[in-house]
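**Student:** Sharing start-v5.tsv (TSV, C-alpha atoms and all ligand atoms) below.
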```tsv
chain	number	residue	atom	x	y	z
A	1	MET	CA	-31.57	4.67	-118.77
A	2	ASP	CA	-29.86	1.32	-118.93
A	3	SER	CA	-27.80	1.10	-115.74
A	4	PHE	CA	-26.46	-1.30	-113.15
A	5	TRP	CA	-29.76	-0.98	-111.28
A	6	ASN	CA	-31.63	-2.83	-114.00
A	7	LYS	CA	-29.13	-5.67	-114.01
A	8	LEU	CA	-29.46	-6.55	-110.33
A	9	GLU	CA	-31.25	-9.71	-109.40
A	10	LYS	CA	-34.18	-8.92	-107.08
A	11	PRO	CA	-34.38	-8.69	-104.20
A	12	PHE	CA	-30.98	-7.07	-103.80
A	13	PHE	CA	-29.11	-6.13	-100.65
A	14	VAL	CA	-27.08	-2.96	-100.39
A	15	LEU	CA	-24.66	-1.36	-97.95
A	16	ALA	CA	-25.93	1.82	-96.25
A	17	PRO	CA	-23.82	4.96	-96.26
A	18	MET	CA	-22.51	5.58	-92.73
A	19	ALA	CA	-20.24	8.55	-92.12
A	20	ASP	CA	-16.96	7.61	-90.44
A	21	VAL	CA	-17.92	3.91	-90.53
A	22	THR	CA	-18.25	2.80	-94.16
A	23	ASP	CA	-15.15	4.73	-95.21
A	24	PRO	CA	-13.05	3.50	-98.16
A	25	ALA	CA	-11.02	1.23	-95.84
A	26	TYR	CA	-14.00	-0.56	-94.28
A	27	ARG	CA	-15.81	-0.79	-97.61
A	28	ARG	CA	-12.78	-2.46	-99.15
A	29	LEU	CA	-12.77	-5.03	-96.35
A	30	ILE	CA	-16.51	-5.57	-96.73
A	31	ALA	CA	-16.23	-6.01	-100.50
A	32	GLU	CA	-13.64	-8.76	-99.97
A	33	THR	CA	-15.44	-10.45	-97.08
A	34	GLY	CA	-19.10	-10.40	-98.08
A	35	LYS	CA	-19.90	-8.27	-101.08
A	36	PRO	CA	-23.07	-6.14	-101.08
A	37	ASP	CA	-24.98	-5.91	-104.37
A	38	VAL	CA	-24.40	-2.13	-104.29
A	39	SER	CA	-22.17	0.01	-102.05
A	40	TRP	CA	-22.57	3.67	-101.12
A	41	THR	CA	-19.86	6.13	-100.11
A	42	GLU	CA	-20.27	8.06	-96.87
A	43	PHE	CA	-22.09	11.29	-97.60
A	44	VAL	CA	-19.93	14.10	-98.93
A	45	SER	CA	-20.74	17.81	-98.95
A	46	ALA	CA	-21.30	18.97	-102.52
A	47	ASP	CA	-20.85	22.56	-101.32
A	48	GLY	CA	-17.60	21.62	-99.61
A	49	LEU	CA	-16.24	20.09	-102.80
A	50	PHE	CA	-17.27	23.13	-104.82
A	51	HIS	CA	-16.03	25.82	-102.43
A	52	THR	CA	-12.71	24.17	-101.60
A	53	ARG	CA	-11.88	24.04	-105.27
A	54	GLU	CA	-13.09	27.62	-105.95
A	55	LYS	CA	-11.30	29.13	-102.97
A	56	LYS	CA	-7.99	27.49	-103.61
A	57	GLY	CA	-8.18	27.71	-107.39
A	58	MET	CA	-7.23	24.06	-107.63
A	59	LYS	CA	-7.97	21.47	-110.27
A	60	ASP	CA	-10.75	18.98	-109.50
A	61	GLU	CA	-8.27	16.18	-108.91
A	62	GLU	CA	-6.31	18.22	-106.34
A	63	ASN	CA	-9.29	18.68	-104.03
A	64	PRO	CA	-8.42	17.14	-100.61
A	65	LEU	CA	-12.09	16.25	-100.05
A	66	LEU	CA	-11.75	13.62	-102.78
A	67	ARG	CA	-10.29	11.37	-100.10
A	68	ASP	CA	-13.82	10.46	-99.05
A	69	LEU	CA	-14.66	9.60	-102.64
A	70	GLN	CA	-12.00	6.92	-103.02
A	71	TYR	CA	-13.18	3.42	-103.80
A	72	SER	CA	-11.73	0.13	-104.92
A	73	GLU	CA	-12.82	-1.67	-108.09
A	74	ALA	CA	-14.00	-4.61	-105.95
A	75	GLU	CA	-16.82	-2.44	-104.58
A	76	ARG	CA	-18.62	-1.91	-107.89
A	77	PRO	CA	-21.35	-0.98	-108.38
A	78	ILE	CA	-20.48	1.96	-106.13
A	79	VAL	CA	-22.68	5.02	-105.65
A	80	ALA	CA	-21.41	8.43	-104.47
A	81	GLN	CA	-23.70	10.11	-101.96
A	82	PHE	CA	-23.87	13.92	-101.69
A	83	PHE	CA	-25.77	16.43	-99.64
A	84	SER	CA	-26.63	20.00	-100.64
A	85	SER	CA	-29.58	22.33	-101.03
A	86	THR	CA	-27.97	24.29	-103.84
A	87	PRO	CA	-28.67	22.97	-107.33
A	88	GLU	CA	-25.45	24.41	-108.74
A	89	MET	CA	-23.33	22.60	-106.14
A	90	MET	CA	-25.21	19.33	-106.64
A	91	GLU	CA	-24.76	19.55	-110.39
A	92	TYR	CA	-21.03	20.04	-109.89
A	93	ALA	CA	-20.72	17.14	-107.42
A	94	ALA	CA	-22.71	14.84	-109.72
A	95	SER	CA	-20.52	15.69	-112.71
A	96	LEU	CA	-17.45	15.08	-110.56
A	97	ALA	CA	-18.80	11.63	-109.55
A	98	LEU	CA	-19.26	10.86	-113.24
A	99	SER	CA	-15.68	11.82	-114.02
A	100	LEU	CA	-14.39	9.79	-111.06
A	101	GLY	CA	-15.99	6.68	-112.53
A	102	PHE	CA	-18.81	6.15	-110.03
A	103	ASP	CA	-21.66	3.92	-111.11
A	104	GLY	CA	-24.33	6.23	-109.68
A	105	VAL	CA	-25.09	9.32	-107.62
A	106	ASP	CA	-27.32	9.36	-104.54
A	107	ILE	CA	-28.78	12.44	-102.86
A	108	ASN	CA	-29.14	12.47	-99.08
A	109	MET	CA	-32.57	13.76	-98.10
A	110	GLY	CA	-32.83	12.17	-94.67
A	111	CYS	CA	-29.89	13.15	-92.46
A	112	PRO	CA	-31.12	14.69	-89.17
A	113	ASP	CA	-27.77	16.27	-88.25
A	114	ARG	CA	-28.33	19.93	-87.33
A	115	SER	CA	-25.25	21.16	-89.15
A	116	ILE	CA	-26.50	19.55	-92.38
A	117	GLU	CA	-30.07	20.72	-91.88
A	118	LYS	CA	-28.96	24.29	-91.27
A	119	GLN	CA	-27.79	24.28	-94.87
A	120	GLY	CA	-31.28	23.19	-95.97
A	121	ALA	CA	-29.83	19.77	-96.86
A	122	GLY	CA	-30.45	16.23	-95.54
A	123	ALA	CA	-33.83	15.83	-93.82
A	124	ALA	CA	-34.59	19.57	-94.32
A	125	HIS	CA	-35.41	18.77	-97.96
A	126	MET	CA	-38.68	17.26	-96.72
A	127	LYS	CA	-39.78	20.76	-95.67
A	128	ASN	CA	-39.15	22.20	-99.11
A	129	PRO	CA	-40.14	19.71	-101.82
A	130	ALA	CA	-39.84	22.32	-104.57
A	131	ARG	CA	-36.18	22.84	-103.72
A	132	ALA	CA	-35.65	19.09	-103.35
A	133	LYS	CA	-36.92	18.63	-106.90
A	134	GLU	CA	-34.54	21.30	-108.19
A	135	VAL	CA	-31.64	19.58	-106.49
A	136	ILE	CA	-32.60	16.20	-108.00
A	137	ARG	CA	-32.85	17.78	-111.46
A	138	ALA	CA	-29.47	19.41	-110.99
A	139	ALA	CA	-27.88	16.05	-110.16
A	140	ILE	CA	-29.53	14.54	-113.24
A	141	LYS	CA	-28.11	17.36	-115.33
A	142	GLY	CA	-24.67	16.82	-113.80
A	143	VAL	CA	-24.51	13.14	-114.76
A	144	GLN	CA	-25.46	13.95	-118.38
A	145	GLY	CA	-27.66	10.89	-118.73
A	146	LYS	CA	-24.65	8.62	-118.28
A	147	ILE	CA	-25.13	7.27	-114.75
A	148	PRO	CA	-28.31	6.95	-112.66
A	149	VAL	CA	-29.40	9.25	-109.84
A	150	SER	CA	-31.13	7.96	-106.69
A	151	VAL	CA	-32.48	9.46	-103.46
A	152	LYS	CA	-32.36	8.32	-99.82
A	153	THR	CA	-34.93	9.80	-97.47
A	154	ARG	CA	-37.27	9.16	-94.53
A	155	LEU	CA	-41.01	8.77	-93.93
A	156	GLY	CA	-41.51	12.43	-93.11
A	157	TYR	CA	-40.22	15.22	-90.93
A	158	ASN	CA	-42.20	15.49	-87.67
A	159	ARG	CA	-44.91	13.01	-88.66
A	160	PHE	CA	-45.66	10.46	-91.36
A	161	GLU	CA	-45.75	12.49	-94.55
A	162	TYR	CA	-44.87	9.76	-97.01
A	163	GLU	CA	-48.17	10.08	-98.88
A	164	GLU	CA	-47.33	13.65	-99.85
A	165	TRP	CA	-43.53	13.58	-99.77
A	166	LEU	CA	-42.60	10.40	-101.62
A	167	PRO	CA	-44.64	11.22	-104.77
A	168	GLN	CA	-42.71	14.51	-105.04
A	169	VAL	CA	-39.47	12.56	-105.31
A	170	LEU	CA	-40.89	9.70	-107.36
A	171	GLU	CA	-42.14	12.13	-110.03
A	172	GLU	CA	-38.53	12.99	-110.85
A	173	ASP	CA	-36.42	10.92	-113.22
A	174	ILE	CA	-34.64	8.86	-110.57
A	175	ALA	CA	-33.62	5.21	-110.80
A	176	ALA	CA	-34.06	4.20	-107.16
A	177	LEU	CA	-35.48	5.46	-103.89
A	178	THR	CA	-34.37	4.26	-100.47
A	179	VAL	CA	-36.65	4.98	-97.53
A	180	HIS	CA	-35.24	4.82	-94.00
A	181	LEU	CA	-38.43	3.71	-92.24
A	182	ARG	CA	-38.57	6.46	-89.63
A	183	THR	CA	-39.39	10.17	-89.54
A	184	ARG	CA	-36.76	12.83	-88.93
A	185	LYS	CA	-38.19	13.35	-85.45
A	186	GLU	CA	-37.88	9.67	-84.61
A	187	MET	CA	-34.14	9.79	-85.39
A	188	SER	CA	-33.16	6.15	-84.75
A	189	LEU	CA	-34.98	5.94	-81.43
A	190	VAL	CA	-37.99	3.79	-82.36
A	191	PRO	CA	-38.21	0.52	-84.30
A	192	ALA	CA	-38.27	1.05	-88.07
A	193	HIS	CA	-41.84	1.02	-89.45
A	194	TRP	CA	-41.69	-2.09	-91.60
A	195	GLU	CA	-45.48	-2.40	-91.32
A	196	LEU	CA	-45.79	0.61	-93.66
A	197	VAL	CA	-43.77	-0.86	-96.52
A	198	PRO	CA	-46.79	-2.26	-98.45
A	199	GLU	CA	-48.19	1.30	-98.53
A	200	LEU	CA	-44.88	2.64	-99.84
A	201	VAL	CA	-44.79	-0.04	-102.56
A	202	ALA	CA	-48.35	0.96	-103.57
A	203	ILE	CA	-47.33	4.64	-103.80
A	204	ARG	CA	-44.35	3.74	-105.96
A	205	ASP	CA	-46.52	1.51	-108.19
A	206	ARG	CA	-49.04	4.32	-108.62
A	207	VAL	CA	-46.68	7.27	-109.12
A	208	ASN	CA	-43.70	5.82	-110.98
A	209	PRO	CA	-43.36	2.04	-111.30
A	210	SER	CA	-40.01	2.38	-113.03
A	211	VAL	CA	-38.31	3.52	-109.80
A	212	LEU	CA	-36.74	0.73	-107.75
A	213	LEU	CA	-37.82	0.87	-104.11
A	214	LEU	CA	-35.52	-0.01	-101.22
A	215	ALA	CA	-36.30	0.13	-97.51
A	216	ASN	CA	-33.92	0.44	-94.61
A	217	GLY	CA	-33.91	0.16	-90.85
A	218	ASP	CA	-32.91	-2.36	-88.16
A	219	VAL	CA	-32.24	-5.32	-90.48
A	220	LYS	CA	-29.54	-7.53	-89.01
A	221	SER	CA	-29.08	-10.34	-91.54
A	222	ILE	CA	-29.52	-11.13	-95.23
A	223	SER	CA	-32.00	-13.89	-94.40
A	224	GLU	CA	-34.14	-11.33	-92.58
A	225	ALA	CA	-33.72	-8.84	-95.43
A	226	ARG	CA	-34.78	-11.45	-98.00
A	227	GLU	CA	-37.83	-12.40	-95.96
A	228	LYS	CA	-38.86	-8.77	-95.61
A	229	ALA	CA	-38.39	-8.03	-99.32
A	230	LEU	CA	-40.33	-11.10	-100.42
A	231	ALA	CA	-43.17	-10.37	-98.00
A	232	THR	CA	-43.62	-6.79	-99.17
A	233	GLY	CA	-42.66	-6.64	-102.84
A	234	LEU	CA	-39.67	-4.40	-102.21
A	235	ASP	CA	-36.91	-4.46	-104.84
A	236	GLY	CA	-34.13	-4.20	-102.31
A	237	VAL	CA	-33.13	-3.77	-98.69
A	238	MET	CA	-30.38	-1.50	-97.36
A	239	LEU	CA	-28.41	-2.63	-94.29
A	240	GLY	CA	-26.37	-0.29	-92.09
A	241	ARG	CA	-25.52	-0.93	-88.47
A	242	GLY	CA	-25.62	-4.69	-88.97
A	243	ILE	CA	-22.16	-4.30	-90.49
A	244	PHE	CA	-20.62	-3.14	-87.18
A	245	GLY	CA	-18.03	-5.80	-86.32
A	246	ASN	CA	-19.46	-8.04	-89.04
A	247	PRO	CA	-17.96	-7.53	-92.51
A	248	TRP	CA	-19.40	-11.01	-93.30
A	249	LEU	CA	-22.95	-9.62	-93.13
A	250	PHE	CA	-23.58	-9.78	-96.88
A	251	ALA	CA	-22.24	-13.33	-97.04
A	252	ASP	CA	-25.04	-14.05	-94.53
A	253	ARG	CA	-22.59	-15.19	-91.87
A	254	THR	CA	-23.09	-14.39	-88.23
A	255	ASP	CA	-20.76	-17.05	-86.80
A	256	ALA	CA	-17.30	-15.48	-87.20
A	257	SER	CA	-14.88	-16.62	-84.49
A	258	PRO	CA	-13.11	-14.14	-82.21
A	259	ARG	CA	-9.90	-14.88	-84.09
A	260	GLU	CA	-11.47	-14.22	-87.49
A	261	LYS	CA	-12.76	-10.92	-86.12
A	262	LEU	CA	-9.30	-9.88	-84.96
A	263	GLU	CA	-7.81	-10.84	-88.32
A	264	ALA	CA	-10.49	-8.77	-90.05
A	265	LEU	CA	-9.73	-5.82	-87.76
A	266	LEU	CA	-6.04	-6.12	-88.60
A	267	LYS	CA	-6.89	-5.93	-92.31
A	268	LEU	CA	-9.08	-2.90	-91.64
A	269	VAL	CA	-6.19	-1.19	-89.84
A	270	GLN	CA	-3.90	-1.98	-92.77
A	271	TYR	CA	-6.35	-0.64	-95.37
A	272	PHE	CA	-6.95	2.44	-93.22
A	273	SER	CA	-3.19	3.14	-93.14
A	274	LEU	CA	-3.15	3.23	-96.94
A	275	LEU	CA	-5.64	6.12	-97.22
A	276	THR	CA	-4.12	9.27	-98.67
A	277	PRO	CA	-4.28	11.88	-97.35
A	278	PRO	CA	-4.56	10.01	-94.03
A	279	LYS	CA	-7.84	10.06	-92.10
A	280	HIS	CA	-7.77	10.76	-88.36
A	281	PHE	CA	-6.98	7.46	-86.70
A	282	ALA	CA	-9.47	7.99	-83.83
A	283	ILE	CA	-12.16	7.06	-86.38
A	284	LEU	CA	-10.94	3.46	-86.15
A	285	LYS	CA	-11.58	3.35	-82.43
A	286	LYS	CA	-15.32	3.04	-82.93
A	287	HIS	CA	-14.75	-0.42	-84.42
A	288	PHE	CA	-12.84	-1.92	-81.48
A	289	LYS	CA	-15.79	-2.86	-79.29
A	290	ALA	CA	-17.55	-4.61	-82.15
A	291	PHE	CA	-14.48	-6.55	-83.37
A	292	VAL	CA	-12.69	-7.38	-80.12
A	293	ASN	CA	-14.98	-9.57	-78.04
A	294	GLY	CA	-15.91	-13.13	-77.13
A	295	PHE	CA	-12.59	-14.37	-75.70
A	296	ASP	CA	-10.65	-14.23	-72.43
A	297	GLY	CA	-8.60	-11.06	-72.41
A	298	ALA	CA	-10.85	-9.21	-74.91
A	299	ALA	CA	-11.53	-6.34	-72.50
A	300	GLU	CA	-7.83	-5.97	-71.80
A	301	LEU	CA	-6.93	-5.90	-75.50
A	302	ARG	CA	-9.70	-3.38	-76.15
A	303	GLY	CA	-8.26	-1.20	-73.40
A	304	LYS	CA	-4.79	-1.35	-74.93
A	305	LEU	CA	-6.13	-0.54	-78.40
A	306	MET	CA	-8.14	2.40	-77.06
A	307	ASP	CA	-5.07	3.76	-75.27
A	308	THR	CA	-3.01	3.99	-78.45
A	309	THR	CA	-2.09	7.43	-79.71
A	310	GLU	CA	-0.73	6.52	-83.14
A	311	LEU	CA	-2.09	4.39	-85.95
A	312	SER	CA	1.23	2.51	-86.12
A	313	GLU	CA	0.71	1.10	-82.59
A	314	LEU	CA	-2.36	-0.90	-83.58
A	315	GLU	CA	-0.85	-3.45	-85.95
A	316	PRO	CA	1.77	-4.89	-83.50
A	317	LEU	CA	-0.86	-5.17	-80.75
A	318	LEU	CA	-3.20	-7.13	-83.00
A	319	LYS	CA	-0.44	-9.32	-84.44
A	320	GLU	CA	0.64	-10.23	-80.94
A	321	ALA	CA	-2.91	-11.04	-79.81
A	322	ILE	CA	-4.14	-13.08	-82.81
A	323	PRO	CA	-2.12	-16.29	-82.20
A	324	LEU	CA	-3.28	-16.37	-78.57
A	325	VAL	CA	-7.02	-16.26	-79.34
B	1	LIG	C1	-22.77	6.23	-87.78
B	1	LIG	C2	-23.82	6.45	-88.84
B	1	LIG	C3	-23.55	7.27	-89.91
B	1	LIG	C4	-24.52	7.48	-90.92
B	1	LIG	N1	-24.19	8.23	-92.02
B	1	LIG	C5	-25.08	8.33	-93.06
B	1	LIG	C6	-24.73	8.98	-94.27
B	1	LIG	O1	-23.60	9.45	-94.46
B	1	LIG	N2	-25.68	9.06	-95.25
B	1	LIG	C7	-26.93	8.52	-95.09
B	1	LIG	O2	-27.76	8.61	-96.01
B	1	LIG	N3	-27.28	7.89	-93.95
B	1	LIG	C8	-26.39	7.76	-92.95
B	1	LIG	N4	-26.73	7.05	-91.83
B	1	LIG	C9	-28.03	6.35	-91.77
B	1	LIG	C10	-27.89	4.91	-92.31
B	1	LIG	O3	-27.53	4.91	-93.67
B	1	LIG	C11	-29.20	4.12	-92.12
B	1	LIG	O4	-30.24	4.80	-92.79
B	1	LIG	C12	-29.59	3.95	-90.64
B	1	LIG	O5	-28.46	3.57	-89.86
B	1	LIG	C13	-30.70	2.90	-90.46
B	1	LIG	O6	-30.33	1.66	-91.00
B	1	LIG	P1	-29.76	0.44	-90.06
B	1	LIG	O7	-30.78	0.23	-88.97
B	1	LIG	O8	-29.63	-0.74	-90.99
B	1	LIG	O9	-28.47	0.92	-89.50
B	1	LIG	C14	-25.79	6.86	-90.81
B	1	LIG	C15	-26.06	6.06	-89.70
B	1	LIG	C16	-25.11	5.83	-88.73
B	1	LIG	C17	-25.43	4.92	-87.57
```
Please render this file's structure as structure tokens.
Ligand SMILES: Cc1cc2nc3c(=O)[nH]c(=O)nc-3n(C[C@H](O)[C@H](O)[C@H](O)COP(=O)(O)O)c2cc1C
**Tutor:**
Amino acid sequence: MDSFWNKLEKPFFVLAPMADVTDPAYRRLIAETGKPDVSWTEFVSADGLFHTREKKGMKDEENPLLRDLQYSEAERPIVAQFFSSTPEMMEYAASLALSLGFDGVDINMGCPDRSIEKQGAGAAHMKNPARAKEVIRAAIKGVQGKIPVSVKTRLGYNRFEYEEWLPQVLEEDIAALTVHLRTRKEMSLVPAHWELVPELVAIRDRVNPSVLLLANGDVKSISEAREKALATGLDGVMLGRGIFGNPWLFADRTDASPREKLEALLKLVQYFSLLTPPKHFAILKKHFKAFVNGFDGAAELRGKLMDTTELSELEPLLKEAIPLV
């Protein structure tokens, strides 16, 4: 299939999906500040989308869960990520992504969260490759050959199983595969296994060379990502936590001043206020430590921001602080 994936210049650098971090507000700021080659939505429950609509008898466009599938044009290409272990639900979510204008659909097969795994989704797919394949095929059916499907997974469940697991996924008709370079058991507690990437590239080359291969884990700058991709033959690198407090990451800037950071946080607050229906404002609090630092009075301002109880209190506090920094 001819898709945005084939038009990217290699190596490419993409924004990782991070629930309650890379929400539509932060992604909009990132797209304006340092644009990734591809952006991902936070993961969204395909079953949740399906059941909410069924239960309430609503039209697709009335589903309140669509809030997490908002995006701005500036983010394109933008991929919608879903989790599910039920082919029917995945097919529905994929067809919904197509109708919402997404450029691609990604299936989460790596999330270690117990509540996701209990549903047989996320990392639990690694324990049941046959079901994983059905879910991938269902997504492919849902997008009707019009937009590409990709998968994000890990190196294995309790141990390295990439030699058996990755071929199962690569045999399917997917456009791209992202591997978070840890097992499920390792969570994010050990350094990502970059030393294994040449083996992963060899597996991809053997099983299905048409699939683009991306790796992910611990990369903190685009220069580092480029070096790693060029050294290993990867097509792309996905960056996640490096974006905390640094929406300039994809512009390869790590020298933002404290004032620039506060101005960026103010923009984030403003974009967050525009989300409809509104998202719980406590979500914003996880950004304060990363954005408010490096100047006299930073701890005090952080304290004041943390003590707020309404979204509307944030903007005046930041506007007052910015000229003084
Ligand atoms: C707060 C947070 C939320 C995450 N949410 C998702 C998610 O929704 N979907 C997903 O595939 N991975 C998710 N991840 C995993 C990241 O996409 C990425 O694989 C991981 O953080 C390792 O990359 P990094 O070291 O560049 O951050 C999340 C990670 C964090 C820290």
**Student:** Would you mind telling me which residue in A:Ala130, A:Val269, A:Ala80, A:Val143 lies nearest to Ser312 of chain A when using all atoms listed in the file?
**Tutor:**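 The closest residue to Ser312 of chain A is A:Val269.
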**Student:** For a cut-off of 12 Å around (-27.4, 17.0, -92.5), file coordinates, pick out all residues using only C-alpha atoms and list them as a PyMOL selection string.
**Tutor:** chain A and resi 19+43-46+82-85+107-125+153+184
**Student:** Show me which residues line ligand LIG 1 (chain B), defined as having an atom within 8 Å of a ligand atom where all atoms listed in the file count, and present them as number ranges by chain.
**Tutor:** A: 16-21, 41-44, 81, 107-111, 152-153, 179-181, 188, 192, 216-220, 238-242
**Student:** Using all atoms listed in the file, determine which residues lie at most 9 Å from Arg253 of chain A, disregarding the query and same-chain residues fewer than 6 positions distant; provide the list as a ChimeraX atom specification.
**Tutor:** /A:34,221-222,246-247
**Student:** Would you mind telling me which residue in A:Asp37, A:Glu227, A:Glu315, A:Glu134 lies nearest to Leu8 of chain A when using all atoms listed in the file?
**Tutor:**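 Selected residue with least distance to Leu8 of chain A: A:Asp37.
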**Student:** For the point (-5.0, 3.7, -81.2) in file coordinates, what residues are within 12 Å, counting all atoms listed in the file? Give the answer as a compact mmCIF listing (two decimals) with C-alpha atoms, keeping the file's coordinate frame?
**Tutor:**
```txt
# COMPACT_ATOMS: atom_id res chain seq x y z
CA VAL A 269 -6.19 -1.19 -89.84
CA HIS A 280 -7.77 10.76 -88.36
CA PHE A 281 -6.98 7.46 -86.70
CA ALA A 282 -9.47 7.99 -83.83
CA ILE A 283 -12.16 7.06 -86.38
CA LEU A 284 -10.94 3.46 -86.15
CA LYS A 285 -11.58 3.35 -82.43
CA LYS A 286 -15.32 3.04 -82.93
CA HIS A 287 -14.75 -0.42 -84.42
CA PHE A 288 -12.84 -1.92 -81.48
CA LEU A 301 -6.93 -5.90 -75.50
CA ARG A 302 -9.70 -3.38 -76.15
CA GLY A 303 -8.26 -1.20 -73.40
CA LYS A 304 -4.79 -1.35 -74.93
CA LEU A 305 -6.13 -0.54 -78.40
CA MET A 306 -8.14 2.40 -77.06
CA ASP A 307 -5.07 3.76 -75.27
CA THR A 308 -3.01 3.99 -78.45
CA THR A 309 -2.09 7.43 -79.71
CA GLU A 310 -0.73 6.52 -83.14
CA LEU A 311 -2.09 4.39 -85.95
CA SER A 312 1.23 2.51 -86.12
CA GLU A 313 0.71 1.10 -82.59
CA LEU A 314 -2.36 -0.90 -83.58
CA GLU A 315 -0.85 -3.45 -85.95
CA PRO A 316 1.77 -4.89 -83.50
CA LEU A 317 -0.86 -5.17 -80.75
CA LEU A 318 -3.20 -7.13 -83.00
```
**Student:** Just to confirm, what's the straight-line distance from atom CA of Arg204 of chain A to atom CA of Asp252 of chain A in Å (one decimal)?
**Tutor:**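 Between atom CA of Arg204 of chain A and atom CA of Asp252 of chain A the gap works out to 28.6 Å.
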**Student:** Using all atoms listed in the file, which of the listed residues (A:Arg131, A:Lys279, A:Lys228, A:Lys7) sits closest to Arg67 of chain A?
**Tutor:**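 Residue with the minimum atom-to-atom distance to Arg67 of chain A: A:Lys279.
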**Student:** Name the closest residue to Glu224 of chain A among the candidates A:Leu266, A:Phe160, A:Phe13, A:Asp2; distances are taken between atoms, counting all atoms listed in the file.
**Tutor:**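 Residue with the minimum atom-to-atom distance to Glu224 of chain A: A:Phe13.
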**Student:** Point out the residue among A:Ala225, A:Pro11, A:Thr86, A:Pro36 with the least atom-to-atom distance to Gly48 of chain A, counting all atoms listed in the file.
**Tutor:**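 So, comparing all the options, the nearest one is A:Thr86.
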**Student:** Can you tell me how far atom CA of Glu54 of chain A sits from atom CA of Ala94 of chain A, in Å to one decimal?
**Tutor:**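 Calculated distance between atom CA of Glu54 of chain A and atom CA of Ala94 of chain A is 16.4 Å.
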**Student:** Which value, in Å to one decimal, gives the distance between atom CA of Val38 of chain A and atom CA of Pro77 of chain A?
**Tutor:**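 Interatomic distance, atom CA of Val38 of chain A to atom CA of Pro77 of chain A: 5.2 Å.
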**Student:** Give me the residues within 12 Å of Pro278 of chain A as a PyMOL selection string, counting only C-alpha atoms and dropping any in the same chain fewer than 3 places off.
**Tutor:** chain A and resi 23-25+64-68+271-275+281-283+311
**Student:** Looking at A:Met187, A:Val201, A:Ala132, A:Leu96, which one is nearest to Ile147 of chain A, with distances taken over only C-alpha atoms?
**Tutor:**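 Comparing A:Met187, A:Val201, A:Ala132, A:Leu96 against Ile147 of chain A, the winner is A:Leu96.
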**Student:** List as a ChimeraX atom specification the protein and nucleic acid residues near Tyr92 of chain A, meaning an atom at most 8 Å away when only C-alpha atoms are counted, but skip any in the same chain fewer than 3 places from it.
**Tutor:** /A:46,50,88-89,95-96,139,142
